[in-house]
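Q: If you scroll down you'll find the structure; I have some questions about it.
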Number of protein chains: 2
Amino acid sequence: MEFKEAKNKFVQTWGALGSQWGINKTMAQIHALLMIAPEPLSMEDVMEELQISRGNASMNLRALMDWGIVYKEFKQGERKEFFIAEKDLDELAVKIAQERSKREIKPALKVLKEVSSAVKENKTDEAKHFTEQTTKLYDFVLKADNMLEKATEFKDNWLGKLVMKIMK
Amino acid sequence: MEFKEAKNKFVQTWGALGSQWGINKTMAQIHALLMIAPEPLSMEDVMEELQISRGNASMNLRALMDWGIVYKEFKQGERKEFFIAEKDLDELAVKIAQERSKREIKPALKVLKEVSSAVKENKTDEAKHFTEQTTKLYDFVLKADNMLEKATEFKDNWLGKLVMKIMK
DNA sequence: CTAAACTTTCAAAAATAAATGAAAGTTATT
DNA sequence: AATAACTTTCATTTATTTTTGAAAGTTTAG
């Protein structure tokens, strides 16, 4: 396979994967590009490589920086900004997990808690069942969120490493 | 809070959560509805409650069954089909994890593997860096996918339970 | 201070995804 | 085998998300 073809295939694939995991396609593609770039890239470079507009590039680079997985870098004597991706993949996973927990799970948990304890006076069967089920769901999502949090601490901790080993 | 209000809030929230995790909004809402229904619901019921069309209900119920998280149920003497949700939440998590791995991660892994070993002859710096990075990414995604798989075996296994406990 | 170099914003356009509903398909009943 | 009860399909419409690009904003250098 030619290098250019492989590169393109990789960027497309990473983009598709990202878009299925809540990161928009262009954002994931920019990230892919930065991951494999041996040198920091300018906004021009990104626009050129992905054939996207200036506005699009600007917005998605900003978003990547908000997620904490892309950084600005300045070059000696150069006026413009360059960008590099977080290259430590464990760190990347931690950042993504934290962001998604904060933006999506935490707010949902708040509502689940609210509704699960909101109809306690109503004693119809339907209402009782509702309270039961939503309580279970709250506990479950809370557990999942905690796991996500704890999983991000794994890499530094002996127990985690042990478990990983056993889990093959 | 009134029961109806709580119910509506719950359905909306579950729908939003789902849509951020790769399950379409209506699909997640139907699932929510079935989760809290004390009795199996017919397609009519679902259409009525969510104010959606017959086609929409049919397609999304089918999708939920493909995911293995909703089942058909037949009632004595009734001609029409009723639906119930998988109520075991651990089972739900397993099913979702399996489906997403199969549909999204596995195909991506295939491409990653392909491109990471595709440009080995090319010896420019850029190509070398590309191979290095994509190899790392492949390993990383593979590891993540394995974790997802193993996590689904946790609930039945003593070590898993222990770890869960320690993780609080 | 001001012009040049560069970045961000945002209303409008384009692309994508999801929903509708009527027609076609299926299955059970008489 | 005809009809009624119900479900699925899919071309079209509608809603949502993403992208564009030109104008406004910012920063640096002279």
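Going through the structure tokens in order, the chains are called A, B, and so on, while each chain numbers its residues from 1 and the ligands are numbered from 1 in the order shown.
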Write out as a PyMOL selection string every residue belonging to chain B that has an atom at most 10 Å from any atom of chain C, counting only C-alpha atoms (C1' of nucleotides).
A: chain B and resi 24-26+52-57+79
Q: Considering only C-alpha atoms (C1' of nucleotides), return as a short mmCIF file (atom, residue, chain, number, x, y, z; two decimals) with all heavy atoms, in the first residue's frame whatever protein or nucleic-acid residues lie within 12 Å of B:Lys102, sequence-local ones (same chain, fewer than 6 positions apart) excluded.
A:
data_model
loop_
_atom_site.label_atom_id
_atom_site.label_comp_id
_atom_site.auth_asym_id
_atom_site.auth_seq_id
_atom_site.Cartn_x
_atom_site.Cartn_y
_atom_site.Cartn_z
N TRP B 67 -30.49 -5.93 18.92
CA TRP B 67 -29.48 -5.74 19.96
C TRP B 67 -29.64 -6.75 21.10
O TRP B 67 -28.80 -6.86 21.96
CB TRP B 67 -29.58 -4.33 20.54
CG TRP B 67 -28.93 -3.27 19.70
CD1 TRP B 67 -29.33 -2.85 18.47
CD2 TRP B 67 -27.79 -2.48 20.03
NE1 TRP B 67 -28.51 -1.86 18.02
CE2 TRP B 67 -27.56 -1.60 18.95
CE3 TRP B 67 -26.95 -2.40 21.15
CZ2 TRP B 67 -26.51 -0.68 18.93
CZ3 TRP B 67 -25.90 -1.48 21.14
CH2 TRP B 67 -25.68 -0.63 20.04
N LYS B 95 -24.88 -6.96 26.63
CA LYS B 95 -25.39 -6.97 25.28
C LYS B 95 -24.94 -5.73 24.50
O LYS B 95 -24.51 -5.82 23.36
CB LYS B 95 -26.92 -7.01 25.30
CG LYS B 95 -27.51 -8.32 25.81
CD LYS B 95 -27.73 -9.33 24.71
CE LYS B 95 -28.25 -10.67 25.18
NZ LYS B 95 -29.63 -10.58 25.71
N ILE B 96 -25.05 -4.58 25.17
CA ILE B 96 -24.66 -3.35 24.49
C ILE B 96 -23.17 -3.36 24.15
O ILE B 96 -22.76 -3.04 23.04
CB ILE B 96 -25.04 -2.12 25.33
CG1 ILE B 96 -26.56 -1.98 25.38
CG2 ILE B 96 -24.42 -0.86 24.74
CD1 ILE B 96 -27.05 -0.84 26.26
N ALA B 108 -12.92 -1.42 12.92
CA ALA B 108 -11.86 -0.41 13.00
C ALA B 108 -10.51 -1.08 13.27
O ALA B 108 -9.50 -0.71 12.68
CB ALA B 108 -12.18 0.60 14.10
N LEU B 109 -10.51 -2.06 14.14
CA LEU B 109 -9.28 -2.80 14.44
C LEU B 109 -8.68 -3.41 13.18
O LEU B 109 -7.47 -3.38 12.98
CB LEU B 109 -9.56 -3.90 15.46
CG LEU B 109 -9.49 -3.50 16.93
CD1 LEU B 109 -9.95 -4.65 17.81
CD2 LEU B 109 -8.07 -3.08 17.31
N LYS B 110 -9.55 -3.96 12.39
CA LYS B 110 -9.10 -4.60 11.16
C LYS B 110 -8.32 -3.59 10.29
O LYS B 110 -7.22 -3.88 9.81
CB LYS B 110 -10.32 -5.14 10.40
CG LYS B 110 -10.01 -6.05 9.25
CD LYS B 110 -11.22 -6.90 8.88
CE LYS B 110 -11.08 -7.49 7.48
NZ LYS B 110 -11.47 -6.53 6.40
N ASP B 145 -10.81 -2.91 23.73
CA ASP B 145 -11.84 -3.86 23.32
C ASP B 145 -11.81 -5.10 24.22
O ASP B 145 -12.86 -5.58 24.65
CB ASP B 145 -11.61 -4.26 21.86
CG ASP B 145 -12.76 -5.10 21.31
OD1 ASP B 145 -13.92 -4.72 21.55
OD2 ASP B 145 -12.51 -6.13 20.68
N ASN B 146 -10.63 -5.57 24.53
CA ASN B 146 -10.52 -6.72 25.43
C ASN B 146 -11.09 -6.41 26.81
O ASN B 146 -11.78 -7.23 27.40
CB ASN B 146 -9.05 -7.14 25.59
CG ASN B 146 -8.59 -7.98 24.42
OD1 ASN B 146 -9.41 -8.61 23.73
ND2 ASN B 146 -7.30 -7.99 24.17
N LEU B 148 -13.41 -4.35 27.51
CA LEU B 148 -14.86 -4.34 27.37
C LEU B 148 -15.39 -5.76 27.44
O LEU B 148 -16.36 -6.06 28.14
CB LEU B 148 -15.20 -3.72 26.01
CG LEU B 148 -16.54 -3.00 25.88
CD1 LEU B 148 -16.62 -1.87 26.87
CD2 LEU B 148 -16.71 -2.47 24.46
N GLU B 149 -14.72 -6.64 26.72
CA GLU B 149 -15.12 -8.04 26.70
C GLU B 149 -15.01 -8.67 28.09
O GLU B 149 -15.95 -9.29 28.57
CB GLU B 149 -14.21 -8.79 25.74
CG GLU B 149 -14.96 -9.65 24.74
CD GLU B 149 -14.05 -10.01 23.57
OE1 GLU B 149 -13.07 -10.74 23.81
OE2 GLU B 149 -14.32 -9.55 22.44
#
Q: What is the atom CA of B:Phe83-atom CA of B:Met65 distance in Å, reported with one decimal?
A: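 Spanning atom CA of B:Phe83 to atom CA of B:Met65 is a straight-line distance of 9.4 Å.
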Q: Measure the distance from atom CA of A:Thr135 to atom CA of A:Asn122 in Å and round it to one decimal.
A: 15.5 Å
Q: Show me, as a ChimeraX atom specification, the residues of chain D whose atoms get within 12 Å of chain A, using only C-alpha atoms (C1' of nucleotides) for the distance check.
A: /D:17-22,27-29
Q: Keeping N, CA, C and O atoms (P, O5', C5', C4', C3', O3' and C1' of nucleotides), export the residues of the selection given above as a short mmCIF file (atom, residue, chain, number, x, y, z; two decimals), in the first residue's frame.
A:
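See result_0.cif below for the written result:
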data_model
loop_
_atom_site.label_atom_id
_atom_site.label_comp_id
_atom_site.auth_asym_id
_atom_site.auth_seq_id
_atom_site.Cartn_x
_atom_site.Cartn_y
_atom_site.Cartn_z
P DT D 17 -28.93 17.38 17.01
"O5'" DT D 17 -27.80 17.40 15.89
"C5'" DT D 17 -27.56 16.22 15.13
"C4'" DT D 17 -26.46 16.52 14.13
"C3'" DT D 17 -25.27 17.28 14.73
"O3'" DT D 17 -24.13 16.52 14.37
"C1'" DT D 17 -26.01 18.35 12.76
P DT D 18 -22.62 16.95 14.74
"O5'" DT D 18 -22.16 17.62 13.36
"C5'" DT D 18 -22.24 16.88 12.17
"C4'" DT D 18 -21.80 17.73 11.00
"C3'" DT D 18 -20.47 18.45 11.21
"O3'" DT D 18 -19.68 18.09 10.10
"C1'" DT D 18 -22.11 19.96 10.39
P DT D 19 -18.21 18.61 9.83
"O5'" DT D 19 -18.49 19.81 8.82
"C5'" DT D 19 -19.02 19.51 7.54
"C4'" DT D 19 -19.12 20.79 6.73
"C3'" DT D 19 -17.82 21.60 6.70
"O3'" DT D 19 -17.43 21.68 5.33
"C1'" DT D 19 -19.72 22.98 7.23
P DT D 20 -16.15 22.50 4.89
"O5'" DT D 20 -16.81 23.91 4.49
"C5'" DT D 20 -17.95 23.90 3.65
"C4'" DT D 20 -18.46 25.32 3.45
"C3'" DT D 20 -17.37 26.35 3.14
"O3'" DT D 20 -17.71 26.97 1.90
"C1'" DT D 20 -18.81 27.12 4.88
P DG D 21 -16.60 27.69 1.04
"O5'" DG D 21 -16.72 29.19 1.58
"C5'" DG D 21 -17.94 29.90 1.40
"C4'" DG D 21 -17.86 31.22 2.13
"C3'" DG D 21 -16.53 31.95 1.96
"O3'" DG D 21 -16.80 33.34 1.94
"C1'" DG D 21 -16.89 31.62 4.22
P DA D 22 -16.21 34.28 0.85
"O5'" DA D 22 -16.91 35.67 1.17
"C5'" DA D 22 -18.28 35.72 1.63
"C4'" DA D 22 -18.33 36.51 2.93
"C3'" DA D 22 -17.36 37.70 2.96
"O3'" DA D 22 -18.02 38.75 3.65
"C1'" DA D 22 -16.95 36.33 4.79
P DT D 27 -5.66 39.07 21.99
"O5'" DT D 27 -4.33 39.11 21.11
"C5'" DT D 27 -3.87 37.91 20.51
"C4'" DT D 27 -2.74 38.27 19.57
"C3'" DT D 27 -1.58 39.00 20.26
"O3'" DT D 27 -0.44 38.21 19.99
"C1'" DT D 27 -2.17 40.07 18.25
P DT D 28 0.90 38.42 20.81
"O5'" DT D 28 1.85 39.00 19.67
"C5'" DT D 28 2.05 38.21 18.49
"C4'" DT D 28 2.64 39.10 17.44
"C3'" DT D 28 3.89 39.86 17.90
"O3'" DT D 28 4.91 39.52 16.97
"C1'" DT D 28 2.40 41.31 16.78
P DA D 29 6.42 39.92 17.21
"O5'" DA D 29 6.63 40.92 15.98
"C5'" DA D 29 5.93 40.71 14.75
"C4'" DA D 29 6.27 41.85 13.82
"C3'" DA D 29 7.59 42.55 14.14
"O3'" DA D 29 8.19 42.92 12.91
"C1'" DA D 29 5.83 44.11 14.38
#
Q: Select, from B:Ser117, B:Gln98, B:Gln51, B:Asn60, the residue with the minimum atom-to-atom distance to chain A, counting only C-alpha atoms.
A: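 Of all the options, B:Ser117 lies closest to chain A.
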Q: Please measure the separation of atom CA of A:Glu99 and atom CA of A:Leu41, giving the value in Å to one decimal.
A: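 For atom CA of A:Glu99 relative to atom CA of A:Leu41, the distance reads 24.5 Å.
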